[in-house]
$ cat input-v1.cif   # mmCIF, C-alpha atoms and all ligand atoms
data_work
loop_
_atom_site.label_atom_id
_atom_site.label_comp_id
_atom_site.auth_asym_id
_atom_site.auth_seq_id
_atom_site.Cartn_x
_atom_site.Cartn_y
_atom_site.Cartn_z
CA MET A 1 45.18 -13.96 -9.35
CA ASN A 2 43.67 -12.07 -6.41
CA LYS A 3 41.79 -13.93 -3.72
CA PRO A 4 38.00 -13.28 -3.98
CA LEU A 5 36.62 -11.02 -1.26
CA THR A 6 33.07 -10.69 0.04
CA GLY A 7 31.38 -7.36 0.76
CA THR A 8 28.08 -5.49 0.71
CA VAL A 9 26.87 -3.21 -2.07
CA THR A 10 26.51 0.14 -0.29
CA ALA A 11 25.60 2.30 -3.26
CA SER A 12 24.33 1.60 -6.74
CA PHE A 13 24.53 3.88 -9.79
CA GLY A 14 23.39 1.88 -12.81
CA ARG A 15 26.32 -0.34 -13.77
CA HIS A 16 28.62 1.16 -11.15
CA HIS A 17 28.49 0.10 -7.55
CA GLU A 18 30.26 0.79 -4.31
CA VAL A 19 31.16 -2.31 -2.36
CA THR A 20 32.22 -2.09 1.28
CA LEU A 21 34.30 -4.91 2.75
CA PRO A 22 33.80 -5.82 6.43
CA GLY A 23 35.70 -3.37 8.63
CA ALA A 24 36.78 -1.16 5.70
CA SER A 25 36.54 2.61 6.12
CA ALA A 26 36.10 3.41 2.42
CA PRO A 27 34.12 1.57 -0.24
CA LEU A 28 35.60 0.10 -3.42
CA GLU A 29 34.38 1.19 -6.85
CA CYS A 30 33.13 -1.88 -8.65
CA VAL A 31 31.51 -2.93 -11.89
CA ARG A 32 29.62 -6.14 -12.53
CA ARG A 33 31.41 -8.66 -14.73
CA GLY A 34 29.57 -9.11 -18.01
CA ARG A 35 26.49 -7.22 -19.10
CA ARG A 36 24.12 -8.32 -16.34
CA LYS A 37 22.49 -5.53 -14.36
CA ASP A 38 21.22 -7.56 -11.44
CA VAL A 39 23.19 -5.94 -8.61
CA VAL A 40 21.39 -3.72 -6.11
CA CYS A 41 22.13 -1.95 -2.87
CA GLY A 42 22.24 -4.41 0.02
CA ASP A 43 23.50 -7.31 -2.09
CA HIS A 44 26.24 -9.47 -0.64
CA VAL A 45 28.77 -9.94 -3.44
CA THR A 46 32.07 -11.60 -4.19
CA ILE A 47 34.60 -9.33 -5.85
CA SER A 48 38.14 -9.48 -7.15
CA LEU A 49 40.36 -6.43 -6.85
CA THR A 50 41.68 -4.72 -9.98
CA SER A 51 43.44 -1.94 -8.05
CA PRO A 52 43.64 -0.97 -4.34
CA SER A 53 40.37 0.98 -4.70
CA GLN A 54 38.59 -0.84 -7.53
CA GLY A 55 37.15 -4.25 -8.20
CA VAL A 56 34.91 -6.43 -10.30
CA ILE A 57 31.78 -8.06 -8.92
CA GLU A 58 32.12 -11.73 -9.76
CA SER A 59 28.94 -13.07 -8.19
CA VAL A 60 25.90 -12.10 -6.14
CA GLN A 61 25.06 -14.26 -3.15
CA GLU A 62 21.59 -15.65 -2.63
CA ARG A 63 19.26 -12.94 -1.28
CA GLN A 64 17.14 -13.16 1.85
CA THR A 65 14.72 -10.61 0.37
CA LEU A 66 14.41 -8.50 -2.77
CA LEU A 67 12.04 -5.56 -2.92
CA HIS A 68 10.86 -4.51 -6.34
CA ARG A 69 8.49 -2.39 -8.26
CA SER A 70 7.75 -3.12 -11.88
CA ASP A 71 5.66 -2.20 -14.89
CA GLU A 72 4.78 -4.27 -17.96
CA HIS A 73 8.17 -3.56 -19.51
CA ARG A 74 10.65 -3.42 -16.71
CA ASP A 75 11.43 -4.85 -13.32
CA LYS A 76 12.99 -2.34 -10.94
CA PRO A 77 14.66 -3.99 -7.98
CA LEU A 78 14.99 -1.49 -5.12
CA ALA A 79 17.18 -3.16 -2.52
CA ALA A 80 18.25 -6.61 -1.38
CA ASN A 81 18.45 -8.23 2.05
CA VAL A 82 16.43 -5.58 3.87
CA ASP A 83 14.10 -6.80 6.60
CA GLN A 84 12.08 -3.59 7.10
CA ALA A 85 10.59 -1.10 4.66
CA LEU A 86 9.85 2.32 6.12
CA VAL A 87 7.18 3.78 3.87
CA VAL A 88 7.56 7.53 4.36
CA VAL A 89 4.53 9.80 3.94
CA ALA A 90 3.95 13.48 4.67
CA THR A 91 1.42 16.21 4.06
CA ASP A 92 3.53 18.70 2.12
CA PRO A 93 3.85 17.64 -0.62
CA SER A 94 0.82 15.45 -0.04
CA TYR A 95 1.18 11.69 -0.19
CA HIS A 96 -0.90 9.45 -2.43
CA ASP A 97 -2.85 6.81 -0.54
CA GLY A 98 -2.72 4.47 -3.56
CA ILE A 99 1.09 4.57 -3.64
CA LEU A 100 1.19 3.87 0.09
CA THR A 101 -1.07 0.85 -0.53
CA ARG A 102 1.22 -0.41 -3.29
CA CYS A 103 4.37 0.02 -1.18
CA LEU A 104 2.80 -1.99 1.64
CA ILE A 105 1.78 -4.75 -0.75
CA ALA A 106 5.24 -4.89 -2.36
CA ALA A 107 6.95 -5.09 1.03
CA GLU A 108 4.73 -7.82 2.38
CA ALA A 109 4.97 -9.83 -0.84
CA ALA A 110 8.77 -9.68 -0.53
CA GLY A 111 8.71 -10.86 3.09
CA VAL A 112 9.79 -7.43 4.33
CA ALA A 113 8.09 -5.93 7.41
CA PRO A 114 6.43 -2.60 6.56
CA VAL A 115 6.37 0.41 8.90
CA ILE A 116 4.43 3.57 7.99
CA VAL A 117 6.40 6.70 8.90
CA LEU A 118 4.54 10.00 8.96
CA ASN A 119 7.25 12.63 8.62
CA LYS A 120 6.93 16.43 8.96
CA SER A 121 4.79 16.09 12.08
CA ASP A 122 5.93 19.66 12.91
CA LEU A 123 3.37 20.81 10.31
CA ARG A 124 0.84 20.31 13.03
CA ASN A 125 -2.69 20.74 11.72
CA ASP A 126 -1.95 18.79 8.59
CA ALA A 127 -0.18 16.05 10.52
CA VAL A 128 -3.14 15.52 12.85
CA ARG A 129 -5.49 15.14 9.88
CA CYS A 130 -3.06 12.78 8.28
CA LEU A 131 -2.66 10.62 11.39
CA ASP A 132 -6.40 10.29 11.46
CA ALA A 133 -6.42 8.95 7.90
CA LEU A 134 -3.47 6.66 8.62
CA SER A 135 -5.16 5.15 11.67
CA TYR A 136 -7.07 3.05 9.11
CA TYR A 137 -3.79 1.26 8.41
CA GLU A 138 -2.79 1.14 12.05
CA GLN A 139 -6.05 -0.62 12.90
CA MET A 140 -5.06 -3.35 10.44
CA GLY A 141 -1.83 -3.88 12.34
CA TYR A 142 0.63 -1.79 10.35
CA PRO A 143 3.06 -0.04 12.71
CA LEU A 144 2.70 3.74 12.42
CA VAL A 145 5.20 6.26 13.77
CA SER A 146 5.09 10.00 13.63
CA VAL A 147 8.35 11.96 13.42
CA SER A 148 9.88 15.19 12.23
CA ALA A 149 13.23 14.91 10.47
CA LEU A 150 13.89 18.52 11.37
CA HIS A 151 12.93 18.31 15.07
CA ASP A 152 12.50 14.84 16.55
CA VAL A 153 13.16 11.37 15.17
CA SER A 154 13.46 9.58 18.51
CA ALA A 155 10.41 7.39 17.82
CA LEU A 156 12.38 5.65 15.07
CA VAL A 157 15.56 4.81 16.97
CA ALA A 158 14.33 1.61 18.64
CA ILE A 159 12.53 0.49 15.46
CA LEU A 160 15.74 0.73 13.42
CA LYS A 161 18.09 -0.89 15.91
CA GLY A 162 19.65 -4.07 14.53
CA HIS A 163 17.58 -4.03 11.32
CA VAL A 164 18.40 -3.31 7.71
CA SER A 165 15.67 -0.84 6.77
CA LEU A 166 14.85 0.76 3.43
CA LEU A 167 13.33 4.23 3.26
CA VAL A 168 10.86 4.25 0.41
CA GLY A 169 8.21 6.70 -0.74
CA GLN A 170 7.31 9.56 -3.00
CA SER A 171 9.66 12.42 -3.70
CA GLY A 172 9.78 15.18 -1.11
CA MET A 173 8.48 13.13 1.83
CA GLY A 174 11.80 13.66 3.65
CA LYS A 175 13.61 10.32 3.30
CA SER A 176 17.06 11.87 2.92
CA SER A 177 16.30 14.34 5.71
CA LEU A 178 15.54 11.35 7.94
CA ILE A 179 18.92 9.86 6.98
CA ASN A 180 20.65 13.07 8.02
CA ALA A 181 18.75 13.12 11.32
CA LEU A 182 19.37 9.48 12.17
CA VAL A 183 22.91 8.85 10.92
CA PRO A 184 25.62 10.94 12.56
CA GLY A 185 27.84 12.50 9.93
CA ALA A 186 25.51 11.69 7.00
CA THR A 187 25.25 14.41 4.37
CA ALA A 188 22.54 13.15 2.06
CA ARG A 189 21.38 15.81 -0.37
CA THR A 190 17.86 17.03 0.40
CA GLY A 191 15.38 19.00 -1.66
CA ASP A 192 15.02 22.73 -1.39
CA LEU A 193 11.91 23.77 0.55
CA SER A 194 11.00 26.18 -2.23
CA THR A 195 10.65 23.25 -4.66
CA ALA A 196 8.84 21.04 -2.18
CA LEU A 197 5.43 21.87 -3.62
CA ASP A 198 3.71 18.94 -5.34
CA SER A 199 6.38 19.26 -8.04
CA GLY A 200 7.45 15.68 -8.68
CA ARG A 201 11.11 16.60 -8.58
CA HIS A 202 13.52 13.93 -7.37
CA THR A 203 16.47 15.00 -5.29
CA THR A 204 18.01 11.62 -4.54
CA THR A 205 19.06 9.82 -7.72
CA PHE A 206 20.62 6.63 -6.38
CA THR A 207 20.28 4.17 -3.52
CA ARG A 208 22.74 4.36 -0.64
CA TRP A 209 23.34 2.27 2.47
CA TYR A 210 24.23 3.94 5.78
CA PRO A 211 25.49 1.76 8.66
CA LEU A 212 23.86 2.51 12.03
CA GLU A 213 25.88 2.80 15.22
CA THR A 214 23.19 0.74 16.97
CA GLY A 215 23.71 -2.12 14.49
CA GLY A 216 21.99 -2.67 11.18
CA ALA A 217 21.67 -0.08 8.44
CA LEU A 218 19.36 2.44 6.86
CA ILE A 219 19.05 2.72 3.07
CA ASP A 220 18.00 5.89 1.24
CA SER A 221 16.34 5.51 -2.15
CA PRO A 222 15.17 7.86 -4.90
CA GLY A 223 11.58 9.01 -4.58
CA MET A 224 9.06 7.72 -7.04
CA GLN A 225 5.79 9.05 -8.46
CA THR A 226 4.58 5.62 -9.52
CA PHE A 227 4.79 2.19 -7.95
CA GLY A 228 3.92 -0.61 -10.36
CA LEU A 229 3.20 -4.14 -9.18
CA ALA A 230 3.28 -5.97 -12.53
CA HIS A 231 5.36 -8.72 -10.91
CA LEU A 232 2.49 -9.66 -8.58
CA GLN A 233 -0.86 -11.33 -9.13
CA VAL A 234 -2.70 -9.05 -6.72
CA SER A 235 -5.77 -10.47 -4.94
CA GLU A 236 -7.96 -9.78 -1.91
CA TYR A 237 -5.31 -11.48 0.21
CA HIS A 238 -2.91 -8.58 -0.37
CA PHE A 239 -5.38 -6.26 1.39
CA ARG A 240 -5.50 -7.13 5.08
CA GLU A 241 -9.06 -5.89 5.57
CA PHE A 242 -10.40 -7.85 2.57
CA SER A 243 -8.65 -11.16 3.11
CA SER A 244 -11.30 -12.54 5.46
CA LEU A 245 -14.00 -11.66 2.89
CA ALA A 246 -12.28 -13.52 0.05
CA GLY A 247 -14.48 -16.29 -1.32
CA GLN A 248 -17.66 -14.88 0.25
CA CYS A 249 -19.04 -13.19 -2.87
CA GLN A 250 -21.96 -14.84 -4.68
CA PHE A 251 -19.79 -15.52 -7.73
CA SER A 252 -16.49 -17.27 -7.15
CA ASP A 253 -14.85 -15.23 -9.92
CA CYS A 254 -16.33 -11.93 -8.67
CA ARG A 255 -14.25 -8.90 -9.72
CA HIS A 256 -16.10 -6.75 -7.16
CA GLN A 257 -17.41 -4.45 -9.90
CA GLN A 258 -21.07 -4.72 -10.97
CA GLU A 259 -21.75 -8.30 -9.85
CA PRO A 260 -24.68 -8.92 -7.47
CA GLY A 261 -23.99 -10.42 -4.05
CA CYS A 262 -20.48 -8.95 -3.73
CA ALA A 263 -19.30 -9.29 -0.12
CA LEU A 264 -16.58 -6.66 -0.53
CA LYS A 265 -18.91 -4.05 -2.03
CA ALA A 266 -21.36 -4.60 0.82
CA TRP A 267 -18.59 -4.19 3.41
CA VAL A 268 -17.15 -0.98 1.94
CA ALA A 269 -20.48 0.76 1.23
CA GLY A 270 -20.69 4.12 2.99
CA HIS A 271 -17.04 4.07 4.17
CA PRO A 272 -14.93 6.30 1.89
CA GLN A 273 -11.57 4.85 2.96
CA ARG A 274 -12.72 1.27 2.49
CA GLU A 275 -14.21 2.22 -0.88
CA ARG A 276 -10.94 3.75 -1.94
CA ARG A 277 -9.02 0.65 -0.98
CA LEU A 278 -11.44 -1.52 -2.97
CA GLN A 279 -10.87 0.77 -5.93
CA TYR A 280 -7.09 0.19 -5.61
CA LEU A 281 -7.70 -3.56 -5.61
CA ARG A 282 -9.83 -3.29 -8.75
CA GLU A 283 -7.15 -1.21 -10.47
CA LEU A 284 -4.47 -3.76 -9.61
CA GLN A 285 -6.62 -6.58 -10.94
CA GLN A 286 -7.29 -4.96 -14.30
CA PRO A 287 -5.50 -6.58 -17.24
CA ARG A 288 -4.22 -3.14 -18.26
CA ARG A 289 -3.17 -1.79 -14.95
CA ILE A 290 -3.52 1.82 -14.02
CA ARG A 291 -0.04 3.16 -13.41
CA TYR A 292 0.94 5.18 -10.43
N1 LIG B 301 8.79 20.96 7.93
C1 LIG B 301 9.49 19.88 7.63
N2 LIG B 301 10.13 19.79 6.45
C2 LIG B 301 10.85 18.68 6.19
C3 LIG B 301 10.93 17.60 7.12
N3 LIG B 301 11.69 16.61 6.56
C4 LIG B 301 12.06 17.06 5.36
N4 LIG B 301 11.56 18.29 5.12
C5 LIG B 301 11.77 19.10 3.92
O1 LIG B 301 11.17 18.45 2.81
C6 LIG B 301 11.92 18.65 1.62
C7 LIG B 301 12.24 17.35 0.95
O2 LIG B 301 13.08 16.58 1.77
P1 LIG B 301 14.02 15.40 1.23
O3 LIG B 301 14.65 14.77 2.43
O4 LIG B 301 14.91 15.85 0.15
O5 LIG B 301 12.91 14.42 0.60
P2 LIG B 301 13.15 12.99 -0.11
O6 LIG B 301 12.01 12.11 0.31
O7 LIG B 301 14.51 12.48 0.16
O8 LIG B 301 12.98 13.37 -1.67
P3 LIG B 301 13.58 12.57 -2.96
O9 LIG B 301 15.04 12.39 -2.75
O10 LIG B 301 13.24 13.42 -4.13
O11 LIG B 301 12.84 11.27 -2.98
C8 LIG B 301 13.17 19.43 2.08
O12 LIG B 301 12.95 20.79 1.82
C9 LIG B 301 13.24 19.18 3.56
O13 LIG B 301 13.88 20.21 4.27
C10 LIG B 301 10.24 17.72 8.36
O14 LIG B 301 10.25 16.86 9.22
N5 LIG B 301 9.54 18.89 8.55
MG MG B 302 16.04 11.98 -1.07
ZN ZN B 303 -17.11 -9.41 -4.95
#
$ encode --input "input-v1.cif" --output "structure tokens"
Amino acid sequence: MNKPLTGTVTASFGRHHEVTLPGASAPLECVRRGRRKDVVCGDHVTISLTSPSQGVIESVQERQTLLHRSDEHRDKPLAANVDQALVVVATDPSYHDGILTRCLIAAEAAGVAPVIVLNKSDLRNDAVRCLDALSYYEQMGYPLVSVSALHDVSALVAILKGHVSLLVGQSGMGKSSLINALVPGATARTGDLSTALDSGRHTTTFTRWYPLETGGALIDSPGMQTFGLAHLQVSEYHFREFSSLAGQCQFSDCRHQQEPGCALKAWVAGHPQRERRLQYLRELQQPRRIRY
């Protein structure tokens, strides 16, 4: 009987996982014992070896954090034990403000610090317009950094140091390109520019952990076109700008729709970005949630 060993899940492909032991240069190929599918990238696991390069995951240690998205049918854990989520947005293809909102909510609900990363800042005119729109989030206290994976990522170096950070966001925003720019020797597959029109194609198909020389790690994940929050009971408190207005509507069960005396409707009136955010809150509060 082999002695159990403890390592980190550094890549996850359905039932198959790579587990890296402390100090090891190459990962082990592992499967989870039994039929359970609850192992994700970033998990600390106990394994037993079945060959010099293969093992079986016997148990998953308690997680500090677990980021998920979910719909009515399925929970989709993204990564475990990360302390920062870098929500990557860009202008080409264009990002969806509602998905950004949902990523921020998911991160905060999981106790993970969100950072908004505007990539492709070399596409200048678009990037300036985009920064303007994103300043709405910055004013609420969300850190915002502007980088170009192809030219300059220096603004991210200090933010990543010593942290385990997950890159998350829609397809084509440049998450894998950021990996290649920030991790020496990384060769993450990136999308072809010719397909980088609002096409919805996913280049990355699995989650992978990259150790950083400065300490900590950076995790690449597949892009998504939807970000469901069925696992959360979303309220005004998930929207930083609305939380101080919670409880101030005339009706205590106000859904901020047609009710008179709605404090949120009064506050958003005439401000398109505020109105849009209120619309996202309404969508998340509907019994049959709008999916994206
Ligand atoms: N101009 C410009 N193009 C970029 C930049 N970063 C990435 N790209 C391009 O954007 C396209 C998509 O990049 P990826 O890194 O594959 O995007 P991704 O977010 O990993 O996409 P998925 O894996 O599908 O989620 C590629 O053609 C990249 O070359 C950037 O900073 N500037
Ligand atoms: Mg990718
Ligand atoms: Zn109201």
$ closest_residue --input "input-v1.cif" --among "A:Gln54, A:Gln233, A:Ser177, A:Thr187" --to "ligand LIG 301 (chain B)" --atoms "only C-alpha atoms and all ligand atoms"
A:Ser177
$ residues_near_point --input "input-v1.cif" --point "(25.7, 3.9, -4.0)" --cutoff "12 Å" --atoms "only C-alpha atoms" --output "PyMOL selection string"
chain A and resi 8-20+27-31+39-43+79+188+204-210+219-222
$ residues_near_ligand --input "input-v1.cif" --ligand "ligand ZN 303 (chain B)" --cutoff "10 Å" --atoms "only C-alpha atoms and all ligand atoms" --output "list in words"
Glu236, Leu245, Ala246, Gly247, Gln248, Cys249, Gln250, Phe251, Ser252, Asp253, Cys254, Arg255, His256, Gln257, Gln258, Glu259, Pro260, Gly261, Cys262, Ala263, Leu264, Lys265, Ala266, Trp267 and Leu278 of chain A
$ atom_distance --input "input-v1.cif" --atom1 "atom CA of A:Arg124" --atom2 "atom O8 of ligand LIG 301 (chain B)"
20.3 Å
$ residues_around --input "input-v1.cif" --residues "A:Ser165" --least-positions-apart "6" --cutoff "12 Å" --atoms "only C-alpha atoms" --output "PyMOL selection string"
chain A and resi 41-42+65+67+78-88+107+112-115+156-157+159+175+179+208-212+215-221
$ residues_near_ligand --input "input-v1.cif" --ligand "ligand LIG 301 (chain B)" --cutoff "6 Å" --atoms "only C-alpha atoms and all ligand atoms" --output "compact mmCIF listing (two decimals) with C-alpha atoms, in the coordinates of the input"
# COMPACT_ATOMS: atom_id res chain seq x y z
CA ASN A 119 7.25 12.63 8.62
CA LYS A 120 6.93 16.43 8.96
CA ASP A 122 5.93 19.66 12.91
CA LEU A 123 3.37 20.81 10.31
CA SER A 148 9.88 15.19 12.23
CA ALA A 149 13.23 14.91 10.47
CA LEU A 150 13.89 18.52 11.37
CA GLN A 170 7.31 9.56 -3.00
CA SER A 171 9.66 12.42 -3.70
CA GLY A 172 9.78 15.18 -1.11
CA MET A 173 8.48 13.13 1.83
CA GLY A 174 11.80 13.66 3.65
CA LYS A 175 13.61 10.32 3.30
CA SER A 176 17.06 11.87 2.92
CA SER A 177 16.30 14.34 5.71
CA THR A 190 17.86 17.03 0.40
CA GLY A 191 15.38 19.00 -1.66
CA ASP A 192 15.02 22.73 -1.39
CA LEU A 193 11.91 23.77 0.55
CA ALA A 196 8.84 21.04 -2.18
CA ARG A 201 11.11 16.60 -8.58
CA HIS A 202 13.52 13.93 -7.37
CA THR A 203 16.47 15.00 -5.29
CA THR A 204 18.01 11.62 -4.54
CA PRO A 222 15.17 7.86 -4.90
CA GLY A 223 11.58 9.01 -4.58
$ residues_around --input "input-v1.cif" --residues "A:Glu72" --least-positions-apart "2" --cutoff "8 Å" --atoms "all atoms listed in the file" --output "NGL selection string"
:A and (70 or 74 or 230)
$ closest_residue --input "input-v1.cif" --among "A:Glu283, A:Leu134, A:Glu241, A:Asn180" --to "ligand MG 302 (chain B)" --atoms "all atoms listed in the file"
A:Asn180
$ atom_distance --input "input-v1.cif" --atom1 "atom CA of A:Thr214" --atom2 "atom CA of A:Gly141"
25.9 Å
$ atom_distance --input "input-v1.cif" --atom1 "atom CA of A:Tyr292" --atom2 "atom CA of A:Phe227"
5.5 Å
$ closest_residue --input "input-v1.cif" --among "A:His163, A:Arg277, A:Arg63, A:Arg189" --to "ligand MG 302 (chain B)" --atoms "all atoms listed in the file"
A:Arg189
$ residues_near_point --input "input-v1.cif" --point "(-1.3, 17.6, 9.7)" --cutoff "12 Å" --atoms "all atoms listed in the file" --output "compact mmCIF listing (two decimals) with C-alpha atoms, in the frame of the given file"
# COMPACT_ATOMS: atom_id res chain seq x y z
CA VAL A 89 4.53 9.80 3.94
CA ALA A 90 3.95 13.48 4.67
CA THR A 91 1.42 16.21 4.06
CA ASP A 92 3.53 18.70 2.12
CA PRO A 93 3.85 17.64 -0.62
CA SER A 94 0.82 15.45 -0.04
CA TYR A 95 1.18 11.69 -0.19
CA LEU A 118 4.54 10.00 8.96
CA ASN A 119 7.25 12.63 8.62
CA LYS A 120 6.93 16.43 8.96
CA SER A 121 4.79 16.09 12.08
CA ASP A 122 5.93 19.66 12.91
CA LEU A 123 3.37 20.81 10.31
CA ARG A 124 0.84 20.31 13.03
CA ASN A 125 -2.69 20.74 11.72
CA ASP A 126 -1.95 18.79 8.59
CA ALA A 127 -0.18 16.05 10.52
CA VAL A 128 -3.14 15.52 12.85
CA ARG A 129 -5.49 15.14 9.88
CA CYS A 130 -3.06 12.78 8.28
CA LEU A 131 -2.66 10.62 11.39
CA ASP A 132 -6.40 10.29 11.46
CA ALA A 133 -6.42 8.95 7.90
CA LEU A 134 -3.47 6.66 8.62
CA SER A 146 5.09 10.00 13.63
CA VAL A 147 8.35 11.96 13.42
CA SER A 148 9.88 15.19 12.23
$ decode --input "input-v1.cif" --residues "stretch 37-57 of chain A" --atoms "N, CA and C atoms" --output "compact mmCIF listing (two decimals), in the first residue's frame"
# COMPACT_ATOMS: atom_id res chain seq x y z
N LYS A 37 -17.73 13.78 -9.22
CA LYS A 37 -17.07 14.67 -10.20
C LYS A 37 -16.68 16.00 -9.55
N ASP A 38 -16.44 15.96 -8.23
CA ASP A 38 -16.31 17.22 -7.52
C ASP A 38 -14.87 17.70 -7.37
N VAL A 39 -14.02 17.42 -8.35
CA VAL A 39 -12.64 17.89 -8.27
C VAL A 39 -12.44 19.00 -9.31
N VAL A 40 -11.88 20.11 -8.87
CA VAL A 40 -11.62 21.21 -9.81
C VAL A 40 -10.19 21.72 -9.67
N CYS A 41 -9.78 22.48 -10.66
CA CYS A 41 -8.45 23.07 -10.65
C CYS A 41 -8.29 23.91 -9.38
N GLY A 42 -7.14 23.78 -8.74
CA GLY A 42 -6.88 24.52 -7.51
C GLY A 42 -7.17 23.73 -6.25
N ASP A 43 -7.85 22.58 -6.41
CA ASP A 43 -8.14 21.76 -5.23
C ASP A 43 -6.85 21.18 -4.66
N HIS A 44 -6.80 21.09 -3.34
CA HIS A 44 -5.72 20.37 -2.68
C HIS A 44 -6.25 18.96 -2.42
N VAL A 45 -5.55 17.96 -2.92
CA VAL A 45 -6.08 16.59 -2.88
C VAL A 45 -5.05 15.62 -2.31
N THR A 46 -5.58 14.51 -1.80
CA THR A 46 -4.73 13.41 -1.36
C THR A 46 -4.82 12.33 -2.42
N ILE A 47 -3.68 11.82 -2.85
CA ILE A 47 -3.70 10.80 -3.90
C ILE A 47 -2.88 9.59 -3.48
N SER A 48 -3.17 8.45 -4.11
CA SER A 48 -2.26 7.32 -3.98
C SER A 48 -1.75 6.98 -5.38
N LEU A 49 -0.50 6.63 -5.46
CA LEU A 49 0.12 6.35 -6.77
C LEU A 49 -0.30 4.97 -7.26
N THR A 50 -0.57 4.88 -8.58
CA THR A 50 -0.83 3.57 -9.19
C THR A 50 0.31 3.21 -10.14
N SER A 51 1.11 4.20 -10.51
CA SER A 51 2.32 3.98 -11.31
C SER A 51 3.20 5.21 -11.04
N PRO A 52 4.44 5.25 -11.55
CA PRO A 52 5.27 6.44 -11.26
C PRO A 52 4.67 7.73 -11.78
N SER A 53 3.78 7.66 -12.79
CA SER A 53 3.23 8.90 -13.35
C SER A 53 1.71 9.01 -13.21
N GLN A 54 1.11 8.06 -12.50
CA GLN A 54 -0.36 8.06 -12.40
C GLN A 54 -0.83 7.84 -10.96
N GLY A 55 -2.01 8.33 -10.68
CA GLY A 55 -2.53 8.15 -9.33
C GLY A 55 -4.05 8.23 -9.29
N VAL A 56 -4.56 7.99 -8.08
CA VAL A 56 -6.00 8.08 -7.85
C VAL A 56 -6.23 9.12 -6.76
N ILE A 57 -7.17 10.03 -7.02
CA ILE A 57 -7.50 11.04 -6.02
C ILE A 57 -8.40 10.39 -4.98
